[in-house]
Amino acid sequence: MAAIFRCGDLGLGRWRDVNTGRIELRLPAVAAWIVYDYLATVAAFLPAGRRVTHRIVAEIGDGLACAVDAHLAHGAVPREAARAAVAEFGDPRRLAGGLARELAPATARRTGATLLVTGPLVGLIWVAAYGTGSARWLGKVVAVLASVPVFPLVLLVAIPAALVAVAGPGLLARRLTLPPGLVPIAAIIATSAVMLGDATLIGTTLIHGRGTSALIGVAILISVVRASLAGVAMRRIVRLRAASC
């Protein structure tokens, strides 16, 4: 008799830990246990975001359920049908590694695009905050660069790296034949440079006692948020690269 199980019903510690959402399978109970254990292992070794992991696990679960049904239709008992199905999908750790290998460039591309879009906006806020005594934007830019002389070097690293991260998976990669793995590395470099740049801006501002105006406070807050998000993205890309090895 077929049964409907949810991840929380099985008592699998690893499954509850990954918190991949509610996956339902209309399978015999013994087959459902085997399939859920396989899915839990894939999810545990896939260092992706919760939503992405849930979507991927749901797709794999659907494929496994269809494979189990096919074996059942050919006369296999539920336990044998489930074991045959998971065997067809291969080692769950290796499957997770292959998925991580595909996710790393896509994650790097989104990260690079986010940095390129938010960079000018954050920069304009800092320029406006630092250059309150100048009527022209050029003078405000000079004020920021004079206060943080290392920042141009940060931009020279972050911008090209973010561009490579964005363009790498697309047409540019096919034309220039970029080495495999360069796109995630470029995103890691870009996020590291952004975190360094934001930390330098914040540190220099506080050391020189420029954190008195409301606009400076807003600029510091935005840089803290951006640096934190860049750190999260960088760690995720690093983990995806490690899982794909």
# chains A, B, ... in the order shown; residues from 1 in each chain; ligands from 1
>>> closest_atom_pairs(of="region 149-237 of chain A", to="region 35-59 of chain A", cutoff="10 Å", atoms="only C-alpha atoms", output="JSON lines")
{"residue": "A:Arg235", "atom": "CA", "partner": "A:Pro47", "partner_atom": "CA", "distance": 9.7}
{"residue": "A:Arg236", "atom": "CA", "partner": "A:Pro47", "partner_atom": "CA", "distance": 6.8}
{"residue": "A:Ile237", "atom": "CA", "partner": "A:Pro47", "partner_atom": "CA", "distance": 8.7}
>>> write_last_selection(atoms="all heavy atoms", output="short mmCIF file (atom, residue, chain, number, x, y, z; two decimals), in the first residue's frame")
data_model
loop_
_atom_site.label_atom_id
_atom_site.label_comp_id
_atom_site.auth_asym_id
_atom_site.auth_seq_id
_atom_site.Cartn_x
_atom_site.Cartn_y
_atom_site.Cartn_z
N ARG A 235 31.72 32.44 0.83
CA ARG A 235 31.79 31.15 1.52
C ARG A 235 31.01 30.08 0.77
O ARG A 235 31.44 28.92 0.69
CB ARG A 235 31.26 31.29 2.95
CG ARG A 235 32.19 32.02 3.89
CD ARG A 235 31.76 31.84 5.33
NE ARG A 235 30.44 32.43 5.58
CZ ARG A 235 30.23 33.69 5.92
NH1 ARG A 235 31.26 34.52 6.06
NH2 ARG A 235 29.02 34.14 6.15
N ARG A 236 29.86 30.47 0.21
CA ARG A 236 29.07 29.49 -0.54
C ARG A 236 29.80 29.02 -1.79
O ARG A 236 29.79 27.83 -2.10
CB ARG A 236 27.72 30.11 -0.91
CG ARG A 236 26.79 29.15 -1.64
CD ARG A 236 25.37 29.67 -1.61
NE ARG A 236 24.86 29.67 -0.25
CZ ARG A 236 23.77 30.32 0.16
NH1 ARG A 236 23.09 31.03 -0.72
NH2 ARG A 236 23.36 30.24 1.40
N ILE A 237 30.43 29.94 -2.50
CA ILE A 237 31.17 29.56 -3.71
C ILE A 237 32.36 28.68 -3.34
O ILE A 237 32.65 27.70 -4.04
CB ILE A 237 31.62 30.82 -4.47
CG1 ILE A 237 30.41 31.60 -4.98
CG2 ILE A 237 32.52 30.45 -5.63
CD1 ILE A 237 30.75 32.97 -5.53
#
>>> residues_around(residues="Ala165 (chain A)", least_positions_apart="5", cutoff="6 Å", atoms="only C-alpha atoms", output="PyMOL selection string")
chain A and resi 108-109+112+183+186-187
>>> write_last_selection(atoms="C-alpha atoms", output="compact mmCIF listing (two decimals), in the first residue's frame")
# COMPACT_ATOMS: atom_id res chain seq x y z
CA ALA A 108 29.51 33.10 -9.18
CA ARG A 109 27.72 34.78 -12.06
CA GLY A 112 29.42 39.15 -9.85
CA VAL A 183 34.63 31.93 -12.99
CA ALA A 186 37.00 35.40 -10.13
CA ALA A 187 33.89 35.75 -7.97
>>> closest_residue(among="A:Leu201, A:Ala214, A:Val225, A:Ala31", to="Ala129 (chain A)", atoms="only C-alpha atoms")
A:Ala214
>>> select_by_dssp(residues="region 67-161 of chain A", states="helix (DSSP H, G or I)", output="compact mmCIF listing (two decimals) with N, CA, C and O atoms, in the first residue's frame")
# COMPACT_ATOMS: atom_id res chain seq x y z
N ALA A 67 11.34 6.02 -10.96
CA ALA A 67 12.16 4.82 -11.16
C ALA A 67 11.66 3.68 -10.28
O ALA A 67 11.61 2.52 -10.72
N VAL A 68 11.29 4.00 -9.05
CA VAL A 68 10.75 2.96 -8.16
C VAL A 68 9.46 2.39 -8.73
O VAL A 68 9.25 1.18 -8.75
N ASP A 69 8.58 3.27 -9.20
CA ASP A 69 7.31 2.81 -9.79
C ASP A 69 7.56 1.89 -10.98
O ASP A 69 6.85 0.89 -11.18
N ALA A 70 8.57 2.23 -11.77
CA ALA A 70 8.88 1.40 -12.94
C ALA A 70 9.32 0.00 -12.51
O ALA A 70 8.91 -1.00 -13.10
N HIS A 71 10.16 -0.08 -11.47
CA HIS A 71 10.61 -1.39 -11.00
C HIS A 71 9.46 -2.16 -10.36
O HIS A 71 9.38 -3.39 -10.50
N LEU A 72 8.58 -1.45 -9.66
CA LEU A 72 7.41 -2.11 -9.07
C LEU A 72 6.51 -2.69 -10.15
O LEU A 72 5.95 -3.79 -10.00
N ALA A 73 6.37 -1.94 -11.24
CA ALA A 73 5.53 -2.41 -12.34
C ALA A 73 6.08 -3.66 -12.99
O ALA A 73 5.33 -4.44 -13.60
N PRO A 78 8.95 -3.74 -2.98
CA PRO A 78 9.31 -2.34 -2.70
C PRO A 78 10.77 -2.11 -2.32
O PRO A 78 11.40 -1.18 -2.81
N ARG A 79 11.31 -2.96 -1.45
CA ARG A 79 12.70 -2.75 -1.03
C ARG A 79 13.65 -2.89 -2.21
O ARG A 79 14.55 -2.06 -2.40
N GLU A 80 13.48 -3.91 -3.00
CA GLU A 80 14.35 -4.11 -4.16
C GLU A 80 14.16 -3.00 -5.18
O GLU A 80 15.13 -2.56 -5.81
N ALA A 81 12.93 -2.57 -5.37
CA ALA A 81 12.66 -1.49 -6.33
C ALA A 81 13.36 -0.21 -5.92
O ALA A 81 13.96 0.48 -6.76
N ALA A 82 13.31 0.13 -4.63
CA ALA A 82 13.95 1.36 -4.16
C ALA A 82 15.46 1.27 -4.26
O ALA A 82 16.13 2.22 -4.68
N ARG A 83 16.01 0.12 -3.89
CA ARG A 83 17.47 -0.04 -3.97
C ARG A 83 17.96 0.00 -5.42
O ARG A 83 19.01 0.58 -5.70
N ALA A 84 17.19 -0.57 -6.31
CA ALA A 84 17.57 -0.52 -7.72
C ALA A 84 17.50 0.91 -8.25
O ALA A 84 18.36 1.33 -9.03
N ALA A 85 16.50 1.66 -7.80
CA ALA A 85 16.35 3.03 -8.26
C ALA A 85 17.51 3.91 -7.80
O ALA A 85 18.10 4.65 -8.59
N VAL A 86 17.87 3.83 -6.53
CA VAL A 86 18.97 4.67 -6.04
C VAL A 86 20.29 4.23 -6.64
O VAL A 86 21.20 5.04 -6.84
N ALA A 87 20.43 2.92 -6.95
CA ALA A 87 21.65 2.46 -7.60
C ALA A 87 21.79 3.06 -8.99
O ALA A 87 22.90 3.38 -9.44
N GLU A 88 20.66 3.22 -9.67
CA GLU A 88 20.70 3.84 -11.00
C GLU A 88 21.15 5.29 -10.93
O GLU A 88 21.79 5.80 -11.86
N PHE A 89 20.80 5.98 -9.85
CA PHE A 89 21.19 7.38 -9.70
C PHE A 89 22.64 7.53 -9.25
O PHE A 89 23.20 8.62 -9.33
N PRO A 92 25.31 9.00 -3.85
CA PRO A 92 24.71 10.31 -3.56
C PRO A 92 25.76 11.41 -3.35
O PRO A 92 25.52 12.57 -3.70
N ARG A 93 26.91 11.06 -2.79
CA ARG A 93 27.95 12.07 -2.60
C ARG A 93 28.52 12.52 -3.95
O ARG A 93 28.80 13.70 -4.14
N ARG A 94 28.70 11.55 -4.85
CA ARG A 94 29.20 11.91 -6.18
C ARG A 94 28.17 12.73 -6.94
O ARG A 94 28.51 13.68 -7.66
N LEU A 95 26.90 12.39 -6.77
CA LEU A 95 25.84 13.18 -7.40
C LEU A 95 25.83 14.61 -6.86
O LEU A 95 25.70 15.57 -7.62
N ALA A 96 25.99 14.75 -5.54
CA ALA A 96 26.04 16.08 -4.94
C ALA A 96 27.24 16.86 -5.46
O ALA A 96 27.16 18.07 -5.71
N GLY A 97 28.38 16.17 -5.66
CA GLY A 97 29.55 16.84 -6.20
C GLY A 97 29.34 17.34 -7.61
O GLY A 97 29.75 18.43 -7.98
N GLY A 98 28.67 16.51 -8.44
CA GLY A 98 28.37 16.94 -9.80
C GLY A 98 27.43 18.13 -9.83
O GLY A 98 27.59 19.05 -10.63
N LEU A 99 26.45 18.12 -8.94
CA LEU A 99 25.53 19.26 -8.86
C LEU A 99 26.26 20.52 -8.39
O LEU A 99 26.01 21.62 -8.91
N ALA A 100 27.15 20.36 -7.43
CA ALA A 100 27.93 21.51 -6.95
C ALA A 100 28.79 22.09 -8.06
O ALA A 100 28.97 23.31 -8.16
N ARG A 101 29.33 21.21 -8.90
CA ARG A 101 30.16 21.65 -10.02
C ARG A 101 29.36 22.50 -11.00
O ARG A 101 29.89 23.44 -11.61
N GLU A 102 28.08 22.19 -11.15
CA GLU A 102 27.22 22.97 -12.04
C GLU A 102 26.73 24.26 -11.37
O GLU A 102 26.55 25.28 -12.04
N LEU A 103 26.54 24.22 -10.07
CA LEU A 103 26.01 25.38 -9.35
C LEU A 103 27.07 26.46 -9.13
O LEU A 103 26.72 27.65 -9.04
N ALA A 104 28.33 26.07 -9.02
CA ALA A 104 29.37 27.05 -8.69
C ALA A 104 29.46 28.19 -9.71
O ALA A 104 29.46 29.36 -9.32
N PRO A 105 29.53 27.91 -11.03
CA PRO A 105 29.58 29.03 -11.98
C PRO A 105 28.33 29.89 -11.97
O PRO A 105 28.41 31.12 -12.10
N ALA A 106 27.16 29.27 -11.82
CA ALA A 106 25.92 30.05 -11.79
C ALA A 106 25.87 30.96 -10.57
O ALA A 106 25.46 32.13 -10.66
N THR A 107 26.30 30.43 -9.42
CA THR A 107 26.34 31.25 -8.21
C THR A 107 27.35 32.37 -8.35
O THR A 107 27.10 33.51 -7.93
N ALA A 108 28.49 32.07 -8.96
CA ALA A 108 29.51 33.10 -9.18
C ALA A 108 29.00 34.20 -10.11
O ALA A 108 29.27 35.38 -9.89
N ARG A 109 28.25 33.80 -11.12
CA ARG A 109 27.72 34.78 -12.06
C ARG A 109 26.74 35.73 -11.37
O ARG A 109 26.81 36.95 -11.57
N ARG A 110 25.83 35.18 -10.57
CA ARG A 110 24.88 36.03 -9.84
C ARG A 110 25.60 36.95 -8.87
O ARG A 110 25.24 38.13 -8.73
N THR A 111 26.62 36.43 -8.22
CA THR A 111 27.38 37.25 -7.27
C THR A 111 28.09 38.40 -7.97
O THR A 111 28.05 39.55 -7.51
N GLY A 112 28.75 38.10 -9.10
CA GLY A 112 29.42 39.15 -9.85
C GLY A 112 28.47 40.21 -10.34
O GLY A 112 28.76 41.41 -10.28
N ALA A 113 27.30 39.80 -10.83
CA ALA A 113 26.31 40.76 -11.31
C ALA A 113 25.81 41.65 -10.18
O ALA A 113 25.63 42.87 -10.35
N THR A 114 25.60 41.05 -9.01
CA THR A 114 25.14 41.83 -7.86
C THR A 114 26.18 42.88 -7.46
O THR A 114 25.84 44.03 -7.16
N LEU A 115 27.44 42.48 -7.47
CA LEU A 115 28.51 43.43 -7.11
C LEU A 115 28.59 44.57 -8.12
O LEU A 115 28.80 45.74 -7.75
N LEU A 116 28.45 44.24 -9.40
CA LEU A 116 28.53 45.29 -10.42
C LEU A 116 27.36 46.26 -10.34
O LEU A 116 27.52 47.46 -10.63
N VAL A 117 26.20 45.77 -9.95
CA VAL A 117 25.02 46.65 -9.86
C VAL A 117 25.08 47.50 -8.61
O VAL A 117 24.79 48.71 -8.64
N THR A 118 25.43 46.90 -7.48
CA THR A 118 25.41 47.64 -6.22
C THR A 118 26.64 48.52 -6.02
O THR A 118 26.57 49.49 -5.26
N GLY A 119 27.75 48.17 -6.68
CA GLY A 119 28.98 48.93 -6.49
C GLY A 119 28.83 50.42 -6.74
O GLY A 119 29.16 51.25 -5.86
N PRO A 120 28.33 50.84 -7.90
CA PRO A 120 28.17 52.28 -8.16
C PRO A 120 27.21 52.96 -7.18
O PRO A 120 27.45 54.11 -6.78
N LEU A 121 26.17 52.26 -6.77
CA LEU A 121 25.21 52.86 -5.84
C LEU A 121 25.86 53.12 -4.48
O LEU A 121 25.71 54.20 -3.90
N VAL A 122 26.58 52.12 -3.97
CA VAL A 122 27.28 52.30 -2.70
C VAL A 122 28.36 53.37 -2.83
O VAL A 122 28.55 54.20 -1.93
N GLY A 123 29.05 53.36 -3.96
CA GLY A 123 30.09 54.38 -4.17
C GLY A 123 29.53 55.79 -4.17
O GLY A 123 30.14 56.70 -3.60
N LEU A 124 28.38 55.98 -4.81
CA LEU A 124 27.76 57.31 -4.83
C LEU A 124 27.39 57.78 -3.43
O LEU A 124 27.53 58.97 -3.11
N ILE A 125 26.94 56.87 -2.60
CA ILE A 125 26.59 57.25 -1.22
C ILE A 125 27.84 57.68 -0.46
O ILE A 125 27.82 58.70 0.26
N TRP A 126 28.92 56.95 -0.63
CA TRP A 126 30.16 57.33 0.04
C TRP A 126 30.70 58.66 -0.49
O TRP A 126 31.18 59.50 0.28
N VAL A 127 30.63 58.84 -1.79
CA VAL A 127 31.10 60.10 -2.37
C VAL A 127 30.28 61.27 -1.84
O VAL A 127 30.83 62.31 -1.48
N ALA A 128 28.97 61.10 -1.79
CA ALA A 128 28.12 62.17 -1.27
C ALA A 128 28.41 62.45 0.20
O ALA A 128 28.40 63.60 0.64
N ALA A 129 28.70 61.40 0.96
CA ALA A 129 28.96 61.57 2.39
C ALA A 129 30.31 62.23 2.66
O ALA A 129 30.43 63.10 3.54
N TYR A 130 31.33 61.87 1.88
CA TYR A 130 32.66 62.42 2.10
C TYR A 130 32.80 63.82 1.53
O TYR A 130 33.56 64.63 2.04
N TRP A 137 30.77 66.90 -8.17
CA TRP A 137 30.97 65.49 -7.87
C TRP A 137 32.42 65.07 -8.03
O TRP A 137 32.90 64.19 -7.30
N LEU A 138 33.16 65.71 -8.94
CA LEU A 138 34.57 65.37 -9.10
C LEU A 138 35.34 65.68 -7.83
O LEU A 138 36.19 64.89 -7.40
N GLY A 139 35.03 66.81 -7.22
CA GLY A 139 35.69 67.14 -5.97
C GLY A 139 35.35 66.16 -4.86
O GLY A 139 36.19 65.83 -4.01
N LYS A 140 34.12 65.66 -4.87
CA LYS A 140 33.72 64.69 -3.86
C LYS A 140 34.44 63.36 -4.06
O LYS A 140 34.86 62.70 -3.10
N VAL A 141 34.59 62.95 -5.32
CA VAL A 141 35.32 61.72 -5.61
C VAL A 141 36.77 61.84 -5.16
O VAL A 141 37.33 60.91 -4.55
N VAL A 142 37.39 62.99 -5.44
CA VAL A 142 38.77 63.22 -5.03
C VAL A 142 38.90 63.17 -3.52
O VAL A 142 39.88 62.64 -2.97
N ALA A 143 37.89 63.67 -2.81
CA ALA A 143 37.92 63.65 -1.35
C ALA A 143 37.94 62.23 -0.81
O ALA A 143 38.66 61.91 0.13
N VAL A 144 37.14 61.37 -1.43
CA VAL A 144 37.12 59.97 -0.99
C VAL A 144 38.45 59.30 -1.28
O VAL A 144 39.03 58.62 -0.41
N LEU A 145 38.96 59.46 -2.49
CA LEU A 145 40.21 58.80 -2.87
C LEU A 145 41.39 59.32 -2.07
O LEU A 145 42.33 58.58 -1.76
N ALA A 146 41.36 60.63 -1.71
CA ALA A 146 42.43 61.20 -0.90
C ALA A 146 42.39 60.64 0.53
O ALA A 146 43.44 60.44 1.16
N SER A 147 41.21 60.38 1.02
CA SER A 147 41.08 59.85 2.37
C SER A 147 41.39 58.36 2.44
O SER A 147 41.89 57.86 3.45
N PHE A 151 41.86 52.58 -2.02
CA PHE A 151 40.60 52.18 -2.64
C PHE A 151 40.70 52.03 -4.16
O PHE A 151 40.07 51.12 -4.70
N PRO A 152 41.45 52.88 -4.90
CA PRO A 152 41.58 52.65 -6.35
C PRO A 152 42.14 51.27 -6.69
O PRO A 152 41.71 50.64 -7.67
N LEU A 153 43.08 50.78 -5.87
CA LEU A 153 43.63 49.44 -6.10
C LEU A 153 42.55 48.37 -5.90
O LEU A 153 42.48 47.40 -6.65
N VAL A 154 41.70 48.58 -4.90
CA VAL A 154 40.60 47.65 -4.66
C VAL A 154 39.67 47.60 -5.86
O VAL A 154 39.24 46.53 -6.31
N LEU A 155 39.37 48.77 -6.43
CA LEU A 155 38.50 48.83 -7.60
C LEU A 155 39.14 48.16 -8.81
O LEU A 155 38.45 47.48 -9.59
N LEU A 156 40.46 48.33 -8.96
CA LEU A 156 41.16 47.71 -10.09
C LEU A 156 41.12 46.18 -10.02
O LEU A 156 41.26 45.51 -11.05
N VAL A 157 40.97 45.65 -8.83
CA VAL A 157 40.87 44.20 -8.67
C VAL A 157 39.42 43.73 -8.74
O VAL A 157 39.09 42.77 -9.44
N ALA A 158 38.54 44.43 -8.03
CA ALA A 158 37.15 43.97 -7.89
C ALA A 158 36.38 44.05 -9.20
O ALA A 158 35.65 43.11 -9.55
N ILE A 159 36.50 45.14 -9.94
CA ILE A 159 35.69 45.32 -11.14
C ILE A 159 36.03 44.30 -12.24
O ILE A 159 35.13 43.63 -12.77
N PRO A 160 37.31 44.14 -12.62
CA PRO A 160 37.61 43.11 -13.64
C PRO A 160 37.23 41.70 -13.18
O PRO A 160 36.74 40.90 -13.99
N ALA A 161 37.45 41.40 -11.90
CA ALA A 161 37.10 40.06 -11.41
C ALA A 161 35.59 39.83 -11.50
O ALA A 161 35.14 38.75 -11.89
>>> residues_around(residues="Ala199 (chain A)", least_positions_apart="3", cutoff="9 Å", atoms="only C-alpha atoms", output="PyMOL selection string")
chain A and resi 194-196+202-204+223-224+227
>>> select_by_dssp(residues="region 11-237 of chain A", states="strand (DSSP E)", output="PyMOL selection string")
chain A and resi 25-28
>>> write_last_selection(atoms="N, CA and C atoms", output="JSON list (two decimals), in the first residue's frame")
[["chain", "number", "residue", "atom", "x", "y", "z"],
["A", 25, "LEU", "N", 6.32, 11.71, -1.26],
["A", 25, "LEU", "CA", 6.46, 10.61, -2.21],
["A", 25, "LEU", "C", 5.35, 9.60, -1.96],
["A", 26, "ARG", "N", 4.63, 9.24, -3.01],
["A", 26, "ARG", "CA", 3.59, 8.22, -2.89],
["A", 26, "ARG", "C", 4.21, 6.86, -3.20],
["A", 27, "LEU", "N", 4.89, 6.34, -2.18],
["A", 27, "LEU", "CA", 5.59, 5.06, -2.33],
["A", 27, "LEU", "C", 5.27, 4.17, -1.13],
["A", 28, "PRO", "N", 5.46, 2.88, -1.27],
["A", 28, "PRO", "CA", 5.37, 2.01, -0.09],
["A", 28, "PRO", "C", 6.36, 2.47, 0.98]]
